[in-house]
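**Student:** Next comes the structure file upload.pdb, holding PDB, C-alpha atoms, pLDDT in the B column.
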ATOM      1  CA  MET A1497      50.143  67.411  25.990  1.00 47.00           C
ATOM      2  CA  ALA A1498      47.425  69.919  25.265  1.00 53.00           C
ATOM      3  CA  GLY A1499      48.657  73.459  25.617  1.00 65.00           C
ATOM      4  CA  ARG A1500      52.339  72.597  25.189  1.00 78.00           C
ATOM      5  CA  GLN A1501      54.273  74.567  22.662  1.00 91.00           C
ATOM      6  CA  ALA A1502      56.289  72.825  19.983  1.00 97.00           C
ATOM      7  CA  VAL A1503      59.763  71.965  21.178  1.00 98.00           C
ATOM      8  CA  LYS A1504      62.598  73.888  19.546  1.00 98.00           C
ATOM      9  CA  ALA A1505      65.698  72.016  18.447  1.00 98.00           C
ATOM     10  CA  TYR A1506      68.958  73.755  17.631  1.00 98.00           C
ATOM     11  CA  LEU A1507      70.708  71.509  15.128  1.00 98.00           C
ATOM     12  CA  ASP A1508      73.374  71.159  12.485  1.00 97.00           C
ATOM     13  CA  LEU A1509      72.634  68.027  10.456  1.00 97.00           C
ATOM     14  CA  VAL A1510      76.296  67.469   9.671  1.00 95.00           C
ATOM     15  CA  SER A1511      76.363  66.317  13.305  1.00 96.00           C
ATOM     16  CA  GLN A1512      75.485  62.684  13.960  1.00 97.00           C
ATOM     17  CA  ALA A1513      73.786  63.519  17.253  1.00 98.00           C
ATOM     18  CA  CYS A1514      71.688  66.267  15.691  1.00 98.00           C
ATOM     19  CA  ARG A1515      70.432  63.892  13.023  1.00 98.00           C
ATOM     20  CA  ALA A1516      69.373  61.428  15.720  1.00 98.00           C
ATOM     21  CA  ILE A1517      67.331  64.136  17.453  1.00 98.00           C
ATOM     22  CA  LEU A1518      65.601  65.189  14.238  1.00 98.00           C
ATOM     23  CA  ILE A1519      64.788  61.594  13.274  1.00 98.00           C
ATOM     24  CA  PHE A1520      63.298  60.917  16.710  1.00 98.00           C
ATOM     25  CA  LEU A1521      61.159  64.061  16.591  1.00 98.00           C
ATOM     26  CA  LYS A1522      59.885  63.297  13.094  1.00 98.00           C
ATOM     27  CA  ASP A1523      59.369  59.580  13.550  1.00 98.00           C
ATOM     28  CA  ASN A1524      57.350  60.108  16.720  1.00 98.00           C
ATOM     29  CA  LYS A1525      55.476  63.117  15.337  1.00 97.00           C
ATOM     30  CA  ILE A1526      56.501  65.338  18.243  1.00 98.00           C
ATOM     31  CA  PRO A1527      55.602  68.950  17.324  1.00 98.00           C
ATOM     32  CA  HIS A1528      58.848  70.796  16.797  1.00 98.00           C
ATOM     33  CA  THR A1529      60.670  73.598  15.063  1.00 98.00           C
ATOM     34  CA  VAL A1530      64.306  73.556  14.021  1.00 98.00           C
ATOM     35  CA  GLU A1531      66.822  76.373  14.340  1.00 98.00           C
ATOM     36  CA  ASN A1532      69.736  75.597  12.035  1.00 98.00           C
ATOM     37  CA  ILE A1533      73.136  76.444  13.526  1.00 98.00           C
ATOM     38  CA  ALA A1534      76.094  76.112  11.129  1.00 95.00           C
ATOM     39  CA  ILE A1535      79.110  74.780  13.017  1.00 92.00           C
ATOM     40  CA  ARG A1536      81.403  75.387  10.047  1.00 89.00           C
ATOM     41  CA  LYS A1537      80.549  79.092  10.284  1.00 91.00           C
ATOM     42  CA  GLY A1538      81.070  79.210  14.038  1.00 93.00           C
ATOM     43  CA  GLU A1539      77.425  80.079  14.709  1.00 96.00           C
ATOM     44  CA  GLN A1540      77.480  78.003  17.911  1.00 96.00           C
ATOM     45  CA  LYS A1541      79.924  80.562  19.344  1.00 96.00           C
ATOM     46  CA  THR A1542      77.726  83.634  18.964  1.00 97.00           C
ATOM     47  CA  PRO A1543      76.785  85.489  22.183  1.00 97.00           C
ATOM     48  CA  GLU A1544      73.124  84.598  21.635  1.00 96.00           C
ATOM     49  CA  PHE A1545      73.773  80.863  21.357  1.00 98.00           C
ATOM     50  CA  THR A1546      76.348  80.912  24.157  1.00 97.00           C
ATOM     51  CA  LYS A1547      73.663  82.235  26.516  1.00 97.00           C
ATOM     52  CA  LEU A1548      71.583  79.201  25.572  1.00 96.00           C
ATOM     53  CA  ASN A1549      74.442  76.727  25.896  1.00 98.00           C
ATOM     54  CA  PRO A1550      77.696  78.013  27.448  1.00 97.00           C
ATOM     55  CA  MET A1551      79.425  74.850  26.169  1.00 97.00           C
ATOM     56  CA  GLN A1552      78.824  76.143  22.611  1.00 97.00           C
ATOM     57  CA  LYS A1553      77.833  72.693  21.392  1.00 97.00           C
ATOM     58  CA  LEU A1554      74.918  71.102  19.579  1.00 98.00           C
ATOM     59  CA  PRO A1555      72.269  69.783  19.859  1.00 98.00           C
ATOM     60  CA  VAL A1556      70.176  71.872  22.218  1.00 98.00           C
ATOM     61  CA  LEU A1557      66.488  71.361  22.994  1.00 98.00           C
ATOM     62  CA  VAL A1558      64.118  73.939  24.425  1.00 98.00           C
ATOM     63  CA  ASP A1559      60.760  72.681  25.718  1.00 98.00           C
ATOM     64  CA  ASN A1560      58.502  75.300  27.288  1.00 96.00           C
ATOM     65  CA  GLY A1561      61.503  77.174  28.627  1.00 96.00           C
ATOM     66  CA  PHE A1562      63.322  74.040  29.763  1.00 97.00           C
ATOM     67  CA  VAL A1563      66.760  74.006  28.104  1.00 98.00           C
ATOM     68  CA  LEU A1564      68.574  70.697  27.696  1.00 98.00           C
ATOM     69  CA  THR A1565      71.902  69.796  26.100  1.00 98.00           C
ATOM     70  CA  GLU A1566      73.608  66.488  25.221  1.00 97.00           C
ATOM     71  CA  SER A1567      71.937  64.172  22.707  1.00 98.00           C
ATOM     72  CA  ASP A1568      71.675  61.202  25.077  1.00 98.00           C
ATOM     73  CA  ALA A1569      69.872  63.299  27.691  1.00 98.00           C
ATOM     74  CA  ILE A1570      67.651  64.940  25.058  1.00 98.00           C
ATOM     75  CA  LEU A1571      66.535  61.644  23.512  1.00 98.00           C
ATOM     76  CA  LYS A1572      65.779  60.069  26.879  1.00 98.00           C
ATOM     77  CA  TYR A1573      63.900  63.159  27.987  1.00 98.00           C
ATOM     78  CA  LEU A1574      61.752  63.141  24.836  1.00 98.00           C
ATOM     79  CA  ALA A1575      61.102  59.411  25.169  1.00 98.00           C
ATOM     80  CA  THR A1576      60.007  59.926  28.777  1.00 98.00           C
ATOM     81  CA  ALA A1577      58.102  63.213  28.512  1.00 97.00           C
ATOM     82  CA  TYR A1578      56.191  62.451  25.328  1.00 97.00           C
ATOM     83  CA  ASN A1579      53.857  59.640  24.358  1.00 93.00           C
ATOM     84  CA  VAL A1580      56.190  57.527  22.256  1.00 98.00           C
ATOM     85  CA  PRO A1581      56.235  53.729  21.852  1.00 98.00           C
ATOM     86  CA  ASP A1582      57.890  51.932  24.747  1.00 98.00           C
ATOM     87  CA  HIS A1583      60.459  50.166  22.578  1.00 98.00           C
ATOM     88  CA  TRP A1584      62.465  53.372  22.218  1.00 98.00           C
ATOM     89  CA  TYR A1585      63.343  53.533  25.902  1.00 98.00           C
ATOM     90  CA  PRO A1586      61.585  50.644  27.691  1.00 98.00           C
ATOM     91  CA  LYS A1587      60.118  51.038  31.151  1.00 98.00           C
ATOM     92  CA  LEU A1588      61.121  47.504  32.141  1.00 98.00           C
ATOM     93  CA  PRO A1589      64.348  47.995  34.137  1.00 98.00           C
ATOM     94  CA  GLU A1590      66.338  45.213  32.445  1.00 98.00           C
ATOM     95  CA  LYS A1591      65.469  46.409  28.938  1.00 98.00           C
ATOM     96  CA  ARG A1592      66.085  50.044  29.815  1.00 98.00           C
ATOM     97  CA  ALA A1593      69.443  49.111  31.303  1.00 98.00           C
ATOM     98  CA  ARG A1594      70.472  47.547  27.996  1.00 98.00           C
ATOM     99  CA  VAL A1595      69.739  50.799  26.191  1.00 98.00           C
ATOM    100  CA  ASP A1596      71.617  52.749  28.860  1.00 98.00           C
ATOM    101  CA  GLU A1597      74.517  50.315  28.568  1.00 98.00           C
ATOM    102  CA  TYR A1598      74.964  51.059  24.879  1.00 98.00           C
ATOM    103  CA  THR A1599      74.424  54.816  25.117  1.00 98.00           C
ATOM    104  CA  ALA A1600      77.015  55.037  27.914  1.00 97.00           C
ATOM    105  CA  TRP A1601      79.482  53.109  25.734  1.00 98.00           C
ATOM    106  CA  ASN A1602      78.630  54.957  22.538  1.00 97.00           C
ATOM    107  CA  HIS A1603      80.155  58.328  23.351  1.00 93.00           C
ATOM    108  CA  ALA A1604      83.655  57.136  24.186  1.00 94.00           C
ATOM    109  CA  ASN A1605      83.743  54.400  21.556  1.00 97.00           C
ATOM    110  CA  THR A1606      81.538  54.588  18.461  1.00 98.00           C
ATOM    111  CA  ARG A1607      81.328  58.395  18.576  1.00 97.00           C
ATOM    112  CA  THR A1608      85.030  58.908  19.272  1.00 96.00           C
ATOM    113  CA  HIS A1609      86.339  56.658  16.508  1.00 96.00           C
ATOM    114  CA  ILE A1610      83.738  57.660  13.916  1.00 97.00           C
ATOM    115  CA  SER A1611      84.469  61.328  14.567  1.00 93.00           C
ATOM    116  CA  SER A1612      88.186  60.717  14.156  1.00 93.00           C
ATOM    117  CA  VAL A1613      87.694  59.020  10.769  1.00 94.00           C
ATOM    118  CA  PHE A1614      85.366  61.780   9.612  1.00 92.00           C
ATOM    119  CA  LEU A1615      87.675  64.554  10.776  1.00 89.00           C
ATOM    120  CA  HIS A1616      90.775  63.109   9.142  1.00 87.00           C
ATOM    121  CA  GLU A1617      89.001  62.270   5.895  1.00 87.00           C
ATOM    122  CA  VAL A1618      86.670  65.195   5.233  1.00 85.00           C
ATOM    123  CA  GLY A1619      86.076  67.077   8.467  1.00 67.00           C
ATOM    124  CA  PHE A1620      88.652  69.816   7.992  1.00 60.00           C
ATOM    125  CA  ASP A1621      86.962  70.738   4.703  1.00 63.00           C
ATOM    126  CA  VAL A1622      83.379  70.394   5.953  1.00 60.00           C
ATOM    127  CA  LEU A1623      83.460  71.594   9.573  1.00 56.00           C
ATOM    128  CA  LEU A1624      86.740  73.439  10.068  1.00 54.00           C
ATOM    129  CA  PRO A1625      87.659  75.033   6.724  1.00 49.00           C
ATOM    130  CA  ARG A1626      89.101  78.117   8.414  1.00 46.00           C
ATOM    131  CA  MET A1627      91.776  76.080  10.182  1.00 45.00           C
ATOM    132  CA  GLY A1628      93.501  75.424   6.864  1.00 49.00           C
ATOM    133  CA  GLN A1629      94.588  71.939   7.939  1.00 55.00           C
ATOM    134  CA  GLN A1630      95.027  69.068   5.503  1.00 61.00           C
ATOM    135  CA  THR A1631      94.062  65.450   5.969  1.00 68.00           C
ATOM    136  CA  ASN A1632      96.786  63.165   7.316  1.00 76.00           C
ATOM    137  CA  PRO A1633      96.802  59.672   5.712  1.00 85.00           C
ATOM    138  CA  GLU A1634      98.658  58.101   8.642  1.00 91.00           C
ATOM    139  CA  LYS A1635      96.221  59.479  11.187  1.00 90.00           C
ATOM    140  CA  LEU A1636      93.316  58.342   9.006  1.00 91.00           C
ATOM    141  CA  GLU A1637      94.661  54.774   8.871  1.00 94.00           C
ATOM    142  CA  LYS A1638      95.091  54.763  12.659  1.00 95.00           C
ATOM    143  CA  ALA A1639      91.524  56.035  13.097  1.00 95.00           C
ATOM    144  CA  LEU A1640      90.194  53.321  10.769  1.00 96.00           C
ATOM    145  CA  ALA A1641      92.059  50.619  12.693  1.00 96.00           C
ATOM    146  CA  ASP A1642      90.642  51.893  15.997  1.00 96.00           C
ATOM    147  CA  LEU A1643      87.167  51.998  14.487  1.00 97.00           C
ATOM    148  CA  ASP A1644      87.494  48.416  13.278  1.00 97.00           C
ATOM    149  CA  GLY A1645      87.892  47.238  16.864  1.00 97.00           C
ATOM    150  CA  THR A1646      84.826  49.213  17.881  1.00 97.00           C
ATOM    151  CA  LEU A1647      82.778  47.659  15.067  1.00 98.00           C
ATOM    152  CA  ASP A1648      83.839  44.197  16.274  1.00 98.00           C
ATOM    153  CA  LYS A1649      82.449  44.997  19.720  1.00 98.00           C
ATOM    154  CA  LEU A1650      79.293  46.537  18.284  1.00 98.00           C
ATOM    155  CA  GLU A1651      78.640  43.366  16.321  1.00 98.00           C
ATOM    156  CA  ASN A1652      79.696  40.748  18.853  1.00 97.00           C
ATOM    157  CA  MET A1653      78.848  42.341  22.198  1.00 97.00           C
ATOM    158  CA  PHE A1654      75.724  44.334  21.413  1.00 98.00           C
ATOM    159  CA  LEU A1655      74.051  43.061  18.224  1.00 98.00           C
ATOM    160  CA  LYS A1656      75.014  39.389  18.527  1.00 97.00           C
ATOM    161  CA  ASN A1657      72.165  37.428  16.881  1.00 96.00           C
ATOM    162  CA  GLN A1658      69.418  39.949  17.665  1.00 97.00           C
ATOM    163  CA  ALA A1659      67.468  42.036  15.179  1.00 98.00           C
ATOM    164  CA  PHE A1660      68.497  45.255  16.936  1.00 98.00           C
ATOM    165  CA  LEU A1661      71.202  46.247  19.403  1.00 98.00           C
ATOM    166  CA  CYS A1662      69.061  45.766  22.507  1.00 98.00           C
ATOM    167  CA  GLY A1663      66.605  43.103  21.408  1.00 97.00           C
ATOM    168  CA  ASP A1664      63.798  42.536  18.945  1.00 97.00           C
ATOM    169  CA  ASP A1665      62.744  46.190  18.561  1.00 98.00           C
ATOM    170  CA  ILE A1666      64.483  49.392  17.580  1.00 98.00           C
ATOM    171  CA  SER A1667      65.600  51.584  20.473  1.00 98.00           C
ATOM    172  CA  LEU A1668      67.518  54.782  21.167  1.00 98.00           C
ATOM    173  CA  ALA A1669      70.676  52.679  21.023  1.00 98.00           C
ATOM    174  CA  ASP A1670      70.065  51.819  17.359  1.00 98.00           C
ATOM    175  CA  LEU A1671      69.193  55.400  16.505  1.00 98.00           C
ATOM    176  CA  LEU A1672      72.386  56.822  18.004  1.00 98.00           C
ATOM    177  CA  ALA A1673      74.535  54.064  16.527  1.00 98.00           C
ATOM    178  CA  VAL A1674      73.185  54.234  12.981  1.00 98.00           C
ATOM    179  CA  CYS A1675      73.615  58.008  12.792  1.00 98.00           C
ATOM    180  CA  GLU A1676      77.227  57.577  13.880  1.00 98.00           C
ATOM    181  CA  LEU A1677      77.939  54.839  11.353  1.00 98.00           C
ATOM    182  CA  MET A1678      76.498  56.890   8.507  1.00 98.00           C
ATOM    183  CA  GLN A1679      79.012  59.692   9.068  1.00 96.00           C
ATOM    184  CA  PRO A1680      81.939  58.272   7.019  1.00 96.00           C
ATOM    185  CA  LEU A1681      79.649  58.200   3.976  1.00 95.00           C
ATOM    186  CA  CYS A1682      80.346  61.930   3.778  1.00 92.00           C
ATOM    187  CA  GLY A1683      83.690  60.893   2.315  1.00 90.00           C
ATOM    188  CA  GLY A1684      82.241  58.090   0.207  1.00 93.00           C
ATOM    189  CA  ARG A1685      83.360  55.450   2.716  1.00 95.00           C
ATOM    190  CA  ASP A1686      80.880  52.750   3.733  1.00 97.00           C
ATOM    191  CA  ILE A1687      82.542  51.248   6.797  1.00 97.00           C
ATOM    192  CA  LEU A1688      79.996  48.391   6.913  1.00 98.00           C
ATOM    193  CA  LYS A1689      80.466  47.120   3.356  1.00 96.00           C
ATOM    194  CA  ASP A1690      82.490  44.094   4.518  1.00 97.00           C
ATOM    195  CA  ARG A1691      80.318  43.402   7.550  1.00 98.00           C
ATOM    196  CA  PRO A1692      77.134  41.632   6.373  1.00 98.00           C
ATOM    197  CA  LYS A1693      75.621  41.295   9.853  1.00 98.00           C
ATOM    198  CA  LEU A1694      75.914  45.027  10.547  1.00 98.00           C
ATOM    199  CA  LEU A1695      74.758  45.846   7.017  1.00 98.00           C
ATOM    200  CA  SER A1696      71.584  43.835   7.579  1.00 98.00           C
ATOM    201  CA  TRP A1697      71.077  45.591  10.904  1.00 98.00           C
ATOM    202  CA  ARG A1698      71.457  48.998   9.251  1.00 98.00           C
ATOM    203  CA  ARG A1699      68.867  48.081   6.624  1.00 98.00           C
ATOM    204  CA  ARG A1700      66.429  47.049   9.363  1.00 98.00           C
ATOM    205  CA  VAL A1701      66.963  50.331  11.197  1.00 98.00           C
ATOM    206  CA  GLN A1702      66.572  52.339   8.006  1.00 98.00           C
ATOM    207  CA  SER A1703      63.370  50.468   7.159  1.00 98.00           C
ATOM    208  CA  ALA A1704      61.958  51.038  10.660  1.00 98.00           C
ATOM    209  CA  LEU A1705      62.653  54.776  10.435  1.00 97.00           C
ATOM    210  CA  SER A1706      61.270  55.131   6.914  1.00 90.00           C
ATOM    211  CA  ASP A1707      61.359  58.621   5.360  1.00 95.00           C
ATOM    212  CA  SER A1708      62.731  60.355   8.452  1.00 97.00           C
ATOM    213  CA  PHE A1709      66.050  58.525   8.004  1.00 98.00           C
ATOM    214  CA  ASP A1710      66.770  59.781   4.499  1.00 96.00           C
ATOM    215  CA  GLU A1711      65.419  63.256   5.255  1.00 97.00           C
ATOM    216  CA  ALA A1712      67.852  63.686   8.127  1.00 98.00           C
ATOM    217  CA  HIS A1713      70.748  62.188   6.156  1.00 98.00           C
ATOM    218  CA  SER A1714      70.212  64.226   2.998  1.00 97.00           C
ATOM    219  CA  VAL A1715      73.113  66.470   4.047  1.00 96.00           C
ATOM    220  CA  VAL A1716      75.380  63.407   4.280  1.00 96.00           C
ATOM    221  CA  TYR A1717      74.437  62.403   0.739  1.00 96.00           C
ATOM    222  CA  GLN A1718      75.075  65.949  -0.484  1.00 94.00           C
ATOM    223  CA  ILE A1719      78.511  66.110   1.125  1.00 91.00           C
ATOM    224  CA  ARG A1720      79.344  62.688  -0.337  1.00 92.00           C
ATOM    225  CA  GLU A1721      78.513  63.881  -3.833  1.00 92.00           C
ATOM    226  CA  LYS A1722      80.689  66.971  -3.490  1.00 87.00           C
ATOM    227  CA  PHE A1723      83.576  65.115  -1.855  1.00 83.00           C
ATOM    228  CA  THR A1724      83.677  62.189  -4.278  1.00 82.00           C
ATOM    229  CA  ALA A1725      83.518  64.597  -7.215  1.00 82.00           C
ATOM    230  CA  LYS A1726      86.949  65.832  -6.107  1.00 73.00           C
ATOM    231  CA  LEU A1727      88.445  62.345  -6.170  1.00 68.00           C
ATOM    232  CA  SER A1728      90.331  60.861  -9.096  1.00 50.00           C
ATOM    233  CA  PRO A1729      88.275  59.101 -11.794  1.00 52.00           C
ATOM    234  CA  CYS A1730      89.460  55.724 -10.542  1.00 47.00           C
ATOM    235  CA  SER A1731      87.964  56.283  -7.095  1.00 46.00           C
ATOM    236  CA  LYS A1732      84.675  54.586  -6.411  1.00 45.00           C
ATOM    237  CA  GLN A1733      81.801  56.186  -4.576  1.00 45.00           C
ATOM    238  CA  ALA A1734      80.279  54.139  -1.809  1.00 48.00           C
ATOM    239  CA  THR A1735      76.587  53.401  -2.004  1.00 49.00           C
ATOM    240  CA  LEU A1736      74.069  52.124   0.479  1.00 62.00           C
TER
END
For this file, produce the structure as structure tokens.
**Tutor:**
Amino acid sequence: MAGRQAVKAYLDLVSQACRAILIFLKDNKIPHTVENIAIRKGEQKTPEFTKLNPMQKLPVLVDNGFVLTESDAILKYLATAYNVPDHWYPKLPEKRARVDEYTAWNHANTRTHISSVFLHEVGFDVLLPRMGQQTNPEKLEKALADLDGTLDKLENMFLKNQAFLCGDDISLADLLAVCELMQPLCGGRDILKDRPKLLSWRRRVQSALSDSFDEAHSVVYQIREKFTAKLSPCSKQATL
């Protein structure tokens, strides 16, 4: 990799996908710089950013002039283009297919239902304050019920009795999933508190990622503190 410039990542760490990118870059010591783009301020819609990504979404990666969007594509590109341990995105076809299986499922399932819970609990305040919308308790309960079904599948179809989602080692599947499942903590809600198997899995992932995990999730902890401070004294703040 001699002569390659540091990759540039355009991120907003309120985003689950952006946190996954940052953790991967840090954990694998890939030289990088970060350009912070505040979604809540609409900075992803500026003419400058729109030239970079006409979809006006994050994350975006730039590597020696090569521009790439979509977190799944970015993570797999980094795992392939850089010298990272094989367990992240294995070369063995069967093992790689397992990672691909989860990442294909993640976007329309874990991501969709987590985002709905986040949006209806704290998202209008955190990401879309200018819309002036209020949270809807009925929609939140529906989102939580939908998420519960997704967590059942995550536990019984993917994790089963393994240490990680795709086997004995951490992979991109675990990284994407754990960043998603951390999102409701912004509102003080630990959605895994009554799921011991998934709690143990999360602890293993957090331990494997070490400092990069908490560094990337510091914004989640900050939002949680501000959000729970607004709650009534009888409300309890979730803890990891």
**Student:** Find the spatial neighbours of Lys1649 of chain A, counting only C-alpha atoms, within a cut-off of 10 Å - ignore same-chain residues fewer than 6 positions away - and output them as a list in words.
**Tutor:**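 The neighbour list is Asn1605, Thr1606, Leu1643, Leu1655 and Lys1656 of chain A.
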**Student:** Sorted by chain and rising residue number, which residues of segment 1523-1632 of chain A lie within 12 Å of segment 1668-1676 of chain A, and what are their closest atom pairs and distances in Å to one decimal, counting only C-alpha atoms, as JSON lines?
**Tutor:**
{"residue": "A:Asp1523", "atom": "CA", "partner": "A:Leu1671", "partner_atom": "CA", "distance": 11.1}
{"residue": "A:Ser1567", "atom": "CA", "partner": "A:Leu1672", "partner_atom": "CA", "distance": 8.7}
{"residue": "A:Asp1568", "atom": "CA", "partner": "A:Leu1672", "partner_atom": "CA", "distance": 8.3}
{"residue": "A:Ala1569", "atom": "CA", "partner": "A:Leu1668", "partner_atom": "CA", "distance": 11.0}
{"residue": "A:Ile1570", "atom": "CA", "partner": "A:Leu1668", "partner_atom": "CA", "distance": 10.9}
{"residue": "A:Leu1571", "atom": "CA", "partner": "A:Leu1668", "partner_atom": "CA", "distance": 7.3}
{"residue": "A:Lys1572", "atom": "CA", "partner": "A:Leu1668", "partner_atom": "CA", "distance": 8.0}
{"residue": "A:Tyr1573", "atom": "CA", "partner": "A:Leu1668", "partner_atom": "CA", "distance": 11.4}
{"residue": "A:Leu1574", "atom": "CA", "partner": "A:Leu1668", "partner_atom": "CA", "distance": 10.8}
{"residue": "A:Ala1575", "atom": "CA", "partner": "A:Leu1668", "partner_atom": "CA", "distance": 8.9}
{"residue": "A:Thr1576", "atom": "CA", "partner": "A:Leu1668", "partner_atom": "CA", "distance": 11.9}
{"residue": "A:Val1580", "atom": "CA", "partner": "A:Leu1668", "partner_atom": "CA", "distance": 11.7}
{"residue": "A:Pro1581", "atom": "CA", "partner": "A:Leu1668", "partner_atom": "CA", "distance": 11.4}
{"residue": "A:Asp1582", "atom": "CA", "partner": "A:Leu1668", "partner_atom": "CA", "distance": 10.7}
{"residue": "A:His1583", "atom": "CA", "partner": "A:Leu1668", "partner_atom": "CA", "distance": 8.6}
{"residue": "A:Trp1584", "atom": "CA", "partner": "A:Leu1668", "partner_atom": "CA", "distance": 5.4}
{"residue": "A:Tyr1585", "atom": "CA", "partner": "A:Leu1668", "partner_atom": "CA", "distance": 6.4}
{"residue": "A:Pro1586", "atom": "CA", "partner": "A:Leu1668", "partner_atom": "CA", "distance": 9.7}
{"residue": "A:Lys1591", "atom": "CA", "partner": "A:Ala1669", "partner_atom": "CA", "distance": 11.4}
{"residue": "A:Arg1592", "atom": "CA", "partner": "A:Leu1668", "partner_atom": "CA", "distance": 10.0}
{"residue": "A:Ala1593", "atom": "CA", "partner": "A:Ala1669", "partner_atom": "CA", "distance": 11.0}
{"residue": "A:Arg1594", "atom": "CA", "partner": "A:Ala1669", "partner_atom": "CA", "distance": 8.7}
{"residue": "A:Val1595", "atom": "CA", "partner": "A:Ala1669", "partner_atom": "CA", "distance": 5.6}
{"residue": "A:Asp1596", "atom": "CA", "partner": "A:Ala1669", "partner_atom": "CA", "distance": 7.9}
{"residue": "A:Glu1597", "atom": "CA", "partner": "A:Ala1669", "partner_atom": "CA", "distance": 8.8}
{"residue": "A:Tyr1598", "atom": "CA", "partner": "A:Ala1669", "partner_atom": "CA", "distance": 6.0}
{"residue": "A:Thr1599", "atom": "CA", "partner": "A:Ala1669", "partner_atom": "CA", "distance": 5.9}
{"residue": "A:Ala1600", "atom": "CA", "partner": "A:Ala1669", "partner_atom": "CA", "distance": 9.7}
{"residue": "A:Trp1601", "atom": "CA", "partner": "A:Ala1669", "partner_atom": "CA", "distance": 10.0}
{"residue": "A:Asn1602", "atom": "CA", "partner": "A:Ala1673", "partner_atom": "CA", "distance": 7.3}
{"residue": "A:His1603", "atom": "CA", "partner": "A:Leu1672", "partner_atom": "CA", "distance": 9.6}
{"residue": "A:Asn1605", "atom": "CA", "partner": "A:Ala1673", "partner_atom": "CA", "distance": 10.5}
{"residue": "A:Thr1606", "atom": "CA", "partner": "A:Glu1676", "partner_atom": "CA", "distance": 7.0}
{"residue": "A:Arg1607", "atom": "CA", "partner": "A:Glu1676", "partner_atom": "CA", "distance": 6.3}
{"residue": "A:Thr1608", "atom": "CA", "partner": "A:Glu1676", "partner_atom": "CA", "distance": 9.6}
{"residue": "A:His1609", "atom": "CA", "partner": "A:Glu1676", "partner_atom": "CA", "distance": 9.5}
{"residue": "A:Ile1610", "atom": "CA", "partner": "A:Glu1676", "partner_atom": "CA", "distance": 6.5}
{"residue": "A:Ser1611", "atom": "CA", "partner": "A:Glu1676", "partner_atom": "CA", "distance": 8.2}
{"residue": "A:Ser1612", "atom": "CA", "partner": "A:Glu1676", "partner_atom": "CA", "distance": 11.4}
{"residue": "A:Val1613", "atom": "CA", "partner": "A:Glu1676", "partner_atom": "CA", "distance": 11.0}
{"residue": "A:Phe1614", "atom": "CA", "partner": "A:Glu1676", "partner_atom": "CA", "distance": 10.1}
**Student:** Atom CA of Val1503 of chain A and atom CA of Asp1559 of chain A, how far apart in Å?
**Tutor:** 4.7 Å
**Student:** What is the distance, in Å and to one decimal place, between atom CA of Ile1719 of chain A and atom CA of Gly1683 of chain A?
**Tutor:**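 It comes out at 7.4 Å.
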**Student:** I'd like to know which of A:Leu1509, A:Ala1534, A:Leu1615, A:Ile1519 is closest to Ala1704 of chain A, using all atoms listed in the file.
**Tutor:**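 Using all atoms listed in the file, Ala1704 of chain A sits closest to A:Ile1519.
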**Student:** Pull the neighbourhood of (68.9, 64.3, 16.7) for me: all residues within 10 Å in file coordinates, counting only C-alpha atoms, as a PDB file with C-alpha atoms, in the frame of the given file.
**Tutor:**
ATOM      1  CA  ALA A1505      65.698  72.016  18.447  1.00 98.00           C
ATOM      2  CA  TYR A1506      68.958  73.755  17.631  1.00 98.00           C
ATOM      3  CA  LEU A1507      70.708  71.509  15.128  1.00 98.00           C
ATOM      4  CA  ASP A1508      73.374  71.159  12.485  1.00 97.00           C
ATOM      5  CA  LEU A1509      72.634  68.027  10.456  1.00 97.00           C
ATOM      6  CA  SER A1511      76.363  66.317  13.305  1.00 96.00           C
ATOM      7  CA  GLN A1512      75.485  62.684  13.960  1.00 97.00           C
ATOM      8  CA  ALA A1513      73.786  63.519  17.253  1.00 98.00           C
ATOM      9  CA  CYS A1514      71.688  66.267  15.691  1.00 98.00           C
ATOM     10  CA  ARG A1515      70.432  63.892  13.023  1.00 98.00           C
ATOM     11  CA  ALA A1516      69.373  61.428  15.720  1.00 98.00           C
ATOM     12  CA  ILE A1517      67.331  64.136  17.453  1.00 98.00           C
ATOM     13  CA  LEU A1518      65.601  65.189  14.238  1.00 98.00           C
ATOM     14  CA  ILE A1519      64.788  61.594  13.274  1.00 98.00           C
ATOM     15  CA  PHE A1520      63.298  60.917  16.710  1.00 98.00           C
ATOM     16  CA  LEU A1521      61.159  64.061  16.591  1.00 98.00           C
ATOM     17  CA  LYS A1522      59.885  63.297  13.094  1.00 98.00           C
ATOM     18  CA  LEU A1554      74.918  71.102  19.579  1.00 98.00           C
ATOM     19  CA  PRO A1555      72.269  69.783  19.859  1.00 98.00           C
ATOM     20  CA  VAL A1556      70.176  71.872  22.218  1.00 98.00           C
ATOM     21  CA  LEU A1557      66.488  71.361  22.994  1.00 98.00           C
ATOM     22  CA  GLU A1566      73.608  66.488  25.221  1.00 97.00           C
ATOM     23  CA  SER A1567      71.937  64.172  22.707  1.00 98.00           C
ATOM     24  CA  ASP A1568      71.675  61.202  25.077  1.00 98.00           C
ATOM     25  CA  ILE A1570      67.651  64.940  25.058  1.00 98.00           C
ATOM     26  CA  LEU A1571      66.535  61.644  23.512  1.00 98.00           C
ATOM     27  CA  LEU A1671      69.193  55.400  16.505  1.00 98.00           C
ATOM     28  CA  LEU A1672      72.386  56.822  18.004  1.00 98.00           C
ATOM     29  CA  CYS A1675      73.615  58.008  12.792  1.00 98.00           C
ATOM     30  CA  ALA A1712      67.852  63.686   8.127  1.00 98.00           C
TER      31      ALA A1712
END
**Student:** What's the separation between atom CA of Pro1550 of chain A and atom CA of Lys1504 of chain A, in Å to one decimal place?
**Tutor:** 17.5 Å
**Student:** When you look at Gln1540 of chain A with a cut-off of 9 Å (counting only C-alpha atoms), what residues show up, excluding the ones that are within fewer than 5 positions of it in the same chain? I need them as a short mmCIF file (atom, residue, chain, number, x, y, z; two decimals) with C-alpha atoms, in the frame of the given file.
**Tutor:**
data_model
loop_
_atom_site.label_atom_id
_atom_site.label_comp_id
_atom_site.auth_asym_id
_atom_site.auth_seq_id
_atom_site.Cartn_x
_atom_site.Cartn_y
_atom_site.Cartn_z
CA ILE A 1533 73.14 76.44 13.53
CA ALA A 1534 76.09 76.11 11.13
CA ILE A 1535 79.11 74.78 13.02
CA PHE A 1545 73.77 80.86 21.36
CA THR A 1546 76.35 80.91 24.16
CA ASN A 1549 74.44 76.73 25.90
CA GLN A 1552 78.82 76.14 22.61
CA LYS A 1553 77.83 72.69 21.39
CA LEU A 1554 74.92 71.10 19.58
#
